[in-house]
$ cat model04.tsv   # TSV, C-alpha atoms
chain	number	residue	atom	x	y	z
A	1	MET	CA	-5.84	-17.80	-19.68
A	2	ALA	CA	-8.15	-15.04	-18.45
A	3	LEU	CA	-9.89	-15.46	-15.09
A	4	ASN	CA	-13.39	-16.92	-15.42
A	5	PHE	CA	-16.45	-15.31	-13.80
A	6	ALA	CA	-19.16	-17.43	-15.42
A	7	GLY	CA	-22.20	-17.84	-13.17
A	8	ARG	CA	-21.24	-14.89	-10.97
A	9	VAL	CA	-23.28	-11.71	-10.55
A	10	ALA	CA	-21.26	-8.52	-10.07
A	11	LEU	CA	-22.55	-5.13	-8.93
A	12	ILE	CA	-20.29	-2.19	-9.76
A	13	THR	CA	-21.07	1.31	-8.49
A	14	GLY	CA	-19.89	4.38	-10.35
A	15	ALA	CA	-19.78	2.23	-13.48
A	16	GLY	CA	-21.01	4.87	-15.92
A	17	GLY	CA	-17.47	5.89	-16.85
A	18	GLY	CA	-13.79	5.72	-15.98
A	19	LEU	CA	-12.60	2.82	-13.86
A	20	GLY	CA	-16.08	1.54	-13.08
A	21	ARG	CA	-16.94	1.22	-16.74
A	22	GLN	CA	-13.76	-0.75	-17.44
A	23	HIS	CA	-14.41	-3.01	-14.46
A	24	ALA	CA	-17.93	-3.70	-15.77
A	25	LEU	CA	-16.77	-4.41	-19.32
A	26	ALA	CA	-13.99	-6.72	-18.16
A	27	LEU	CA	-16.18	-8.73	-15.79
A	28	ALA	CA	-18.88	-9.10	-18.45
A	29	ALA	CA	-16.30	-10.20	-21.03
A	30	ARG	CA	-15.21	-12.93	-18.62
A	31	GLY	CA	-18.71	-14.31	-18.15
A	32	ALA	CA	-20.17	-12.39	-15.21
A	33	GLN	CA	-23.68	-11.00	-15.20
A	34	VAL	CA	-23.02	-7.33	-14.49
A	35	VAL	CA	-25.14	-4.75	-12.69
A	36	VAL	CA	-24.12	-1.29	-13.87
A	37	ASN	CA	-24.84	1.39	-11.28
A	38	ASP	CA	-24.24	5.11	-11.57
A	39	LEU	CA	-25.95	8.35	-10.68
A	40	HIS	CA	-26.48	9.21	-14.36
A	41	GLU	CA	-29.02	7.10	-16.23
A	42	ALA	CA	-27.70	7.94	-19.70
A	43	ALA	CA	-24.22	6.75	-18.74
A	44	VAL	CA	-25.65	3.56	-17.22
A	45	ASN	CA	-27.64	2.81	-20.36
A	46	GLN	CA	-24.61	3.30	-22.58
A	47	VAL	CA	-22.44	0.87	-20.61
A	48	VAL	CA	-25.26	-1.69	-20.56
A	49	ALA	CA	-25.62	-1.31	-24.34
A	50	ASP	CA	-21.86	-1.76	-24.80
A	51	ILE	CA	-21.84	-4.94	-22.73
A	52	ARG	CA	-24.83	-6.41	-24.54
A	53	ALA	CA	-23.38	-5.49	-27.94
A	54	ALA	CA	-20.29	-7.50	-27.03
A	55	GLY	CA	-22.46	-10.51	-26.12
A	56	GLY	CA	-22.51	-10.02	-22.36
A	57	GLN	CA	-25.33	-9.80	-19.82
A	58	ALA	CA	-26.00	-6.52	-18.05
A	59	LEU	CA	-28.63	-4.82	-15.95
A	60	GLY	CA	-28.56	-1.05	-15.49
A	61	ILE	CA	-29.84	0.70	-12.36
A	62	ALA	CA	-29.34	4.43	-11.81
A	63	CYS	CA	-29.34	5.64	-8.21
A	64	SER	CA	-27.13	7.42	-5.72
A	65	VAL	CA	-25.13	5.27	-3.32
A	66	THR	CA	-25.78	7.95	-0.69
A	67	ASP	CA	-29.45	6.92	-0.65
A	68	ALA	CA	-29.66	3.78	1.50
A	69	GLN	CA	-33.26	3.03	0.51
A	70	ALA	CA	-32.48	3.34	-3.20
A	71	VAL	CA	-29.47	1.06	-2.76
A	72	GLN	CA	-31.60	-1.56	-0.99
A	73	ALA	CA	-34.20	-1.33	-3.76
A	74	MET	CA	-31.43	-1.87	-6.33
A	75	VAL	CA	-30.18	-4.97	-4.51
A	76	ASN	CA	-33.73	-6.29	-4.23
A	77	GLU	CA	-34.21	-5.82	-7.98
A	78	VAL	CA	-31.00	-7.70	-8.78
A	79	GLN	CA	-31.97	-10.52	-6.44
A	80	ALA	CA	-35.42	-10.76	-8.05
A	81	GLN	CA	-33.92	-10.90	-11.55
A	82	TRP	CA	-30.73	-12.92	-11.07
A	83	GLY	CA	-31.15	-14.52	-7.64
A	84	ARG	CA	-27.79	-13.59	-6.15
A	85	ILE	CA	-24.97	-11.07	-5.91
A	86	ASP	CA	-21.49	-12.56	-5.73
A	87	ILE	CA	-19.31	-9.51	-6.26
A	88	LEU	CA	-19.65	-5.93	-5.06
A	89	VAL	CA	-17.23	-3.31	-6.34
A	90	ASN	CA	-17.59	-0.10	-4.34
A	91	ASN	CA	-16.20	2.25	-6.95
A	92	ALA	CA	-18.49	5.33	-6.86
A	93	GLY	CA	-16.73	8.53	-5.88
A	94	ILE	CA	-16.35	12.28	-6.27
A	95	LEU	CA	-13.69	14.91	-5.67
A	96	ARG	CA	-13.96	18.22	-3.87
A	97	ASP	CA	-10.29	19.18	-3.64
A	98	LYS	CA	-9.12	22.15	-1.59
A	99	SER	CA	-6.43	22.74	1.00
A	100	PHE	CA	-7.79	21.99	4.46
A	101	ALA	CA	-7.74	25.64	5.54
A	102	LYS	CA	-10.10	26.51	2.66
A	103	LEU	CA	-12.21	23.35	2.68
A	104	PRO	CA	-15.93	23.91	3.42
A	105	LEU	CA	-17.35	21.38	5.86
A	106	ASP	CA	-20.14	20.61	3.40
A	107	ASP	CA	-17.54	19.43	0.88
A	108	PHE	CA	-15.91	17.27	3.55
A	109	ARG	CA	-19.24	15.68	4.46
A	110	LEU	CA	-20.22	15.12	0.83
A	111	VAL	CA	-17.01	13.28	-0.03
A	112	MET	CA	-17.30	11.13	3.10
A	113	ASP	CA	-20.96	10.45	2.29
A	114	VAL	CA	-20.28	9.23	-1.25
A	115	HIS	CA	-17.09	7.25	-0.70
A	116	LEU	CA	-17.51	5.89	2.81
A	117	MET	CA	-21.25	5.83	3.49
A	118	GLY	CA	-21.97	4.85	-0.12
A	119	ALA	CA	-19.77	1.78	0.37
A	120	VAL	CA	-21.43	1.09	3.72
A	121	HIS	CA	-24.93	1.28	2.20
A	122	CYS	CA	-24.05	-1.07	-0.65
A	123	THR	CA	-22.12	-3.52	1.49
A	124	GLN	CA	-24.82	-3.71	4.16
A	125	ALA	CA	-27.45	-4.31	1.47
A	126	VAL	CA	-25.59	-7.25	-0.13
A	127	TRP	CA	-24.18	-8.73	3.08
A	128	PRO	CA	-27.21	-10.91	4.01
A	129	LEU	CA	-27.26	-12.37	0.48
A	130	MET	CA	-23.57	-13.24	0.64
A	131	VAL	CA	-23.96	-14.78	4.10
A	132	ALA	CA	-26.87	-16.90	2.89
A	133	GLN	CA	-25.07	-18.13	-0.21
A	134	LYS	CA	-21.77	-18.62	1.70
A	135	HIS	CA	-19.89	-16.69	-0.93
A	136	GLY	CA	-19.02	-13.05	-1.49
A	137	ARG	CA	-16.26	-10.88	-2.89
A	138	ILE	CA	-16.25	-7.19	-1.91
A	139	VAL	CA	-13.75	-4.69	-3.26
A	140	MET	CA	-13.42	-1.25	-1.68
A	141	THR	CA	-11.78	1.42	-3.81
A	142	SER	CA	-9.17	3.11	-1.66
A	143	SER	CA	-6.45	5.49	-2.88
A	144	SER	CA	-2.82	6.48	-2.44
A	145	SER	CA	-4.23	9.77	-1.13
A	146	GLY	CA	-5.74	7.88	1.79
A	147	LEU	CA	-2.82	5.51	2.32
A	148	PHE	CA	-0.04	8.08	2.00
A	149	GLY	CA	-1.65	11.55	1.85
A	150	ASN	CA	-1.92	14.14	-0.91
A	151	PHE	CA	-2.03	17.92	-0.71
A	152	GLY	CA	-5.53	19.34	-1.07
A	153	GLN	CA	-7.30	16.03	-0.49
A	154	ALA	CA	-7.96	15.87	3.27
A	155	ASN	CA	-11.61	14.92	2.71
A	156	TYR	CA	-10.86	12.38	-0.02
A	157	GLY	CA	-7.91	10.91	1.87
A	158	ALA	CA	-9.92	10.55	5.08
A	159	ALA	CA	-12.71	8.75	3.24
A	160	LYS	CA	-10.33	6.45	1.38
A	161	MET	CA	-8.44	5.45	4.53
A	162	ALA	CA	-11.76	4.88	6.31
A	163	LEU	CA	-12.53	2.26	3.66
A	164	VAL	CA	-9.36	0.42	4.64
A	165	GLY	CA	-10.57	0.28	8.24
A	166	LEU	CA	-13.95	-0.96	7.06
A	167	MET	CA	-12.25	-3.65	4.97
A	168	GLN	CA	-10.08	-4.81	7.88
A	169	THR	CA	-13.06	-5.57	10.11
A	170	LEU	CA	-15.40	-6.92	7.42
A	171	SER	CA	-12.74	-9.37	6.26
A	172	ILE	CA	-12.65	-10.78	9.79
A	173	GLU	CA	-16.44	-10.90	10.18
A	174	GLY	CA	-16.97	-12.37	6.72
A	175	ALA	CA	-14.34	-15.11	6.89
A	176	LYS	CA	-16.66	-17.87	8.19
A	177	HIS	CA	-19.08	-17.16	5.32
A	178	ASP	CA	-16.36	-17.12	2.62
A	179	ILE	CA	-16.90	-13.38	2.15
A	180	ARG	CA	-13.53	-11.98	1.16
A	181	VAL	CA	-13.04	-8.23	1.43
A	182	ASN	CA	-10.15	-6.32	-0.12
A	183	CYS	CA	-9.08	-2.82	-1.13
A	184	LEU	CA	-7.96	-1.64	-4.54
A	185	ALA	CA	-5.82	1.50	-4.57
A	186	PRO	CA	-5.78	2.55	-8.24
A	187	THR	CA	-3.95	5.31	-10.07
A	188	ALA	CA	-5.75	6.08	-13.32
A	189	ALA	CA	-6.40	8.95	-15.67
A	190	THR	CA	-10.14	9.51	-15.38
A	191	GLN	CA	-12.45	12.51	-15.29
A	192	MET	CA	-11.76	12.67	-11.55
A	193	THR	CA	-7.96	12.90	-11.95
A	194	GLU	CA	-7.83	15.17	-15.00
A	195	GLY	CA	-5.59	18.16	-14.36
A	196	LEU	CA	-3.81	16.55	-11.39
A	197	LEU	CA	-0.99	14.98	-13.42
A	198	PRO	CA	1.02	15.98	-16.56
A	199	PRO	CA	-0.25	14.65	-19.91
A	200	ASP	CA	2.65	12.23	-20.51
A	201	MET	CA	1.98	10.51	-17.18
A	202	LEU	CA	-1.76	10.48	-17.72
A	203	ALA	CA	-1.22	8.66	-21.03
A	204	LEU	CA	0.31	5.72	-19.13
A	205	LEU	CA	-2.31	5.65	-16.39
A	206	THR	CA	-5.17	4.14	-18.33
A	207	PRO	CA	-8.17	2.74	-16.44
A	208	GLU	CA	-7.68	-0.49	-18.38
A	209	SER	CA	-4.25	-0.99	-16.78
A	210	VAL	CA	-5.86	-1.17	-13.32
A	211	VAL	CA	-8.52	-3.76	-14.20
A	212	PRO	CA	-6.37	-6.91	-13.69
A	213	ALA	CA	-6.01	-6.03	-10.01
A	214	LEU	CA	-9.77	-5.70	-9.64
A	215	LEU	CA	-10.31	-9.05	-11.36
A	216	VAL	CA	-7.90	-10.81	-8.99
A	217	LEU	CA	-9.60	-9.29	-5.93
A	218	ALA	CA	-13.10	-10.18	-7.19
A	219	HIS	CA	-12.38	-13.75	-8.31
A	220	ASP	CA	-13.39	-16.97	-6.55
A	221	ASN	CA	-9.70	-17.47	-5.66
A	222	ALA	CA	-9.27	-13.94	-4.30
A	223	PRO	CA	-7.25	-13.29	-1.17
A	224	THR	CA	-8.82	-11.41	1.71
A	225	ARG	CA	-7.71	-8.36	3.72
A	226	VAL	CA	-5.33	-7.21	0.98
A	227	ILE	CA	-4.60	-3.66	-0.18
A	228	LEU	CA	-3.55	-3.96	-3.82
A	229	ASN	CA	-2.03	-0.95	-5.59
A	230	ALA	CA	-2.33	-0.67	-9.37
A	231	GLY	CA	-1.44	1.86	-12.05
A	232	ALA	CA	0.16	1.96	-15.52
A	233	GLY	CA	0.41	-1.84	-15.49
A	234	THR	CA	2.45	-1.84	-12.26
A	235	PHE	CA	1.13	-3.67	-9.20
A	236	ALA	CA	2.15	-3.59	-5.53
A	237	ALA	CA	0.70	-4.23	-2.08
A	238	THR	CA	0.42	-1.93	0.91
A	239	HIS	CA	0.64	-3.28	4.46
A	240	ILE	CA	-0.38	-1.62	7.71
A	241	SER	CA	2.36	-2.93	9.96
A	242	LEU	CA	3.35	-2.81	13.63
A	243	THR	CA	6.91	-2.49	14.92
A	244	PRO	CA	7.93	-4.70	17.88
A	245	GLY	CA	7.93	-1.80	20.33
A	246	VAL	CA	9.64	-1.42	23.68
A	247	HIS	CA	8.25	-1.55	27.22
A	248	LEU	CA	8.97	1.59	29.27
A	249	GLY	CA	6.50	1.17	32.11
A	250	THR	CA	4.55	4.01	33.72
A	251	GLY	CA	7.19	6.03	35.58
A	252	ALA	CA	7.32	9.81	35.81
A	253	ASP	CA	9.99	10.15	33.13
A	254	VAL	CA	8.50	7.78	30.54
A	255	ASP	CA	7.83	10.69	28.19
A	256	GLU	CA	11.55	11.55	28.13
A	257	GLN	CA	12.50	7.90	27.65
A	258	LEU	CA	9.95	7.56	24.84
A	259	ALA	CA	11.36	10.59	23.03
A	260	ALA	CA	14.83	9.03	23.25
A	261	VAL	CA	13.80	5.63	21.80
A	262	LEU	CA	11.41	6.98	19.15
A	263	PRO	CA	13.85	6.29	16.26
A	264	GLN	CA	13.93	2.63	17.38
A	265	LEU	CA	10.13	2.44	17.37
A	266	LEU	CA	9.97	3.92	13.88
A	267	ASP	CA	12.41	1.35	12.47
A	268	THR	CA	10.29	-0.96	10.28
A	269	ARG	CA	12.89	-3.69	9.68
A	270	HIS	CA	11.22	-6.06	12.14
A	271	ALA	CA	7.63	-4.90	11.68
A	272	THR	CA	4.80	-7.42	11.33
A	273	VAL	CA	1.31	-7.22	9.84
A	274	PRO	CA	-1.23	-7.92	12.62
A	275	GLN	CA	-4.18	-10.09	11.68
A	276	SER	CA	-6.51	-8.12	13.96
A	277	GLY	CA	-6.44	-5.10	16.24
A	278	ALA	CA	-6.20	-7.43	19.24
A	279	GLU	CA	-2.59	-8.18	18.33
A	280	GLN	CA	-1.51	-4.66	19.29
A	281	GLY	CA	-2.95	-5.08	22.79
A	282	MET	CA	-1.50	-8.57	23.11
A	283	ASN	CA	1.96	-7.27	22.19
A	284	GLU	CA	1.68	-4.47	24.75
A	285	VAL	CA	0.49	-6.71	27.59
A	286	ARG	CA	3.02	-9.44	26.75
A	287	GLN	CA	5.91	-6.99	27.07
A	288	ALA	CA	4.47	-5.51	30.28
A	289	LEU	CA	4.15	-8.98	31.85
A	290	ALA	CA	7.66	-9.90	30.73
A	291	ALA	CA	9.02	-6.72	32.32
A	292	ARG	CA	7.10	-7.43	35.54
A	293	GLY	CA	8.55	-10.92	35.67
A	294	ALA	CA	12.07	-9.59	35.15
A	295	ASP	CA	11.55	-7.11	38.00
A	296	SER	CA	10.19	-9.71	40.45
A	297	PRO	CA	12.50	-11.10	43.16
A	298	ARG	CA	13.73	-14.58	42.45

$ encode --input "model04.tsv" --output "structure tokens"
Amino acid sequence: MALNFAGRVALITGAGGGLGRQHALALAARGAQVVVNDLHEAAVNQVVADIRAAGGQALGIACSVTDAQAVQAMVNEVQAQWGRIDILVNNAGILRDKSFAKLPLDDFRLVMDVHLMGAVHCTQAVWPLMVAQKHGRIVMTSSSSGLFGNFGQANYGAAKMALVGLMQTLSIEGAKHDIRVNCLAPTAATQMTEGLLPPDMLALLTPESVVPALLVLAHDNAPTRVILNAGAGTFAATHISLTPGVHLGTGADVDEQLAAVLPQLLDTRHATVPQSGAEQGMNEVRQALAARGADSPR
């Protein structure tokens, strides 16, 4: 049975085409009231018309996610009309691909502004509503380019990994309000990815095949602090993990010792997934105190 979103209001940015459009259609088909946002009004209107023609409820608002005031006005309009926002899907994005040596700084800033600051603007605008209603589901759209790197996408990769960092902290801060924050790392053939992959692979990587992952991350029963990978109907999870480490102290030759044990530190067989950044510091101090105790006279 399909997941139910009846009674929920979902705001999807970049929903005029590609992945965003499929997210909007799927949420509407499962009962959500959907806010379709995109930079292009004609595209917004078409998706709204498609949702309504299928019997769903939709509201279209065209604005740029880089404009914080316009984003706040959009959220205010949704609140005035539907009273709440339960789901935010930060999907809006652009590409300005070039190798780093040839990448203009303006293109770097623009990509960061749309992907990262656009998500910040939208999330900050909906956050007070979600706190007040003690419910919220926020999905950041990350990417394999951010998680693992991709030639010619330094700007895009930096922005997409920044969203993971944003998700990590917001999931902690939102926990007491039942605001669950996750990342979706999709691989899909859209206007943005055209020309990057061969046609036979693109045929498998339909936007529709990614949508189930979005629905799971946006649902009432969603996890939190998860990076879910999706493409061609295949799903996986990415973890940012920490290896146990080794205490070397602060002697003059620690650099030489560190170089010697580096393969041990890079061995992920006993790695764990910290639940906050504090766990790294705790691990470091714990080992230092243990070493001090071992060195003390008995």

$ closest_residue --input "model04.tsv" --among "A:His135, A:Lys176, A:Arg21, A:His219" --to "Val34 (chain A)" --atoms "all atoms listed in the file"
A:Arg21

$ residues_around --input "model04.tsv" --residues "Gly233 (chain A)" --least-positions-apart "3" --cutoff "10 Å" --atoms "only C-alpha atoms" --output "ChimeraX atom specification"
/A:187,204-213,230

$ residues_around --input "model04.tsv" --residues "region 107-109 of chain A" --least-positions-apart "5" --cutoff "12 Å" --atoms "only C-alpha atoms" --output "list of chain:residue names"
A:Thr66, A:Ile94, A:Leu95, A:Arg96, A:Asp97, A:Lys98, A:Ser99, A:Phe100, A:Ala101, A:Lys102, A:Val114, A:His115, A:Leu116, A:Met117, A:Gly152, A:Gln153, A:Ala154, A:Asn155, A:Tyr156, A:Gly157, A:Ala158, A:Ala159

$ closest_residue --input "model04.tsv" --among "A:Ala10, A:Leu289, A:Ala222, A:Met161" --to "Val126 (chain A)" --atoms "only C-alpha atoms"
A:Ala10

$ atom_distance --input "model04.tsv" --atom1 "CA of Ala73 (chain A)" --atom2 "CA of Ala54 (chain A)"
27.8 Å

$ closest_residue --input "model04.tsv" --among "A:Asp86, A:Asp113, A:Asp200, A:Glu77" --to "Met130 (chain A)" --atoms "all atoms listed in the file"
A:Asp86

$ residues_near_point --input "model04.tsv" --point "(6.3, -6.4, 14.7)" --cutoff "8 Å" --atoms "all atoms listed in the file" --output "PDB file with C-alpha atoms, in the coordinates of the input"
ATOM      1  CA  SER A 241       2.360  -2.930   9.960  1.00  0.00           C
ATOM      2  CA  LEU A 242       3.350  -2.810  13.630  1.00  0.00           C
ATOM      3  CA  THR A 243       6.910  -2.490  14.920  1.00  0.00           C
ATOM      4  CA  PRO A 244       7.930  -4.700  17.880  1.00  0.00           C
ATOM      5  CA  GLY A 245       7.930  -1.800  20.330  1.00  0.00           C
ATOM      6  CA  HIS A 270      11.220  -6.060  12.140  1.00  0.00           C
ATOM      7  CA  ALA A 271       7.630  -4.900  11.680  1.00  0.00           C
ATOM      8  CA  THR A 272       4.800  -7.420  11.330  1.00  0.00           C
ATOM      9  CA  VAL A 273       1.310  -7.220   9.840  1.00  0.00           C
ATOM     10  CA  PRO A 274      -1.230  -7.920  12.620  1.00  0.00           C
TER      11      PRO A 274
END

$ atom_distance --input "model04.tsv" --atom1 "CA of Met74 (chain A)" --atom2 "CA of Val216 (chain A)"
25.3 Å

$ closest_residue --input "model04.tsv" --among "A:Ala43, A:Ala125, A:Leu25, A:Ile87" --to "Val75 (chain A)" --atoms "all atoms listed in the file"
A:Ala125

$ atom_distance --input "model04.tsv" --atom1 "CA of Ala42 (chain A)" --atom2 "CA of Ala62 (chain A)"
8.8 Å

$ closest_residue --input "model04.tsv" --among "A:Ala288, A:Ile138, A:Leu258, A:Leu59" --to "Leu214 (chain A)" --atoms "all atoms listed in the file"
A:Ile138

$ residues_around --input "model04.tsv" --residues "Ala28 (chain A)" --least-positions-apart "6" --cutoff "8 Å" --atoms "all atoms listed in the file" --output "list in words"
Val34, Ile51, Gly56, Gln57 and Ala58 of chain A

$ closest_residue --input "model04.tsv" --among "A:Leu197, A:Leu202, A:Val131, A:Ala92" --to "Ala175 (chain A)" --atoms "only C-alpha atoms"
A:Val131

$ axis_aligned_box --input "model04.tsv" --around "region 92-103 of chain A" --padding-each-side "3 Å" --output "lines of an AutoDock Vina configuration file"
center_x = -12.5
center_y = 15.9
center_z = -0.7
size_x = 18.1
size_y = 27.2
size_z = 18.4

$ residues_near_point --input "model04.tsv" --point "(-31.3, 0.5, 5.4)" --cutoff "7 Å" --atoms "all atoms listed in the file" --output "PDB file with C-alpha atoms, in the frame of the given file"
ATOM      1  CA  ALA A  68     -29.660   3.780   1.500  1.00  0.00           C
ATOM      2  CA  GLN A  69     -33.260   3.030   0.510  1.00  0.00           C
ATOM      3  CA  GLN A  72     -31.600  -1.560  -0.990  1.00  0.00           C
TER       4      GLN A  72
END
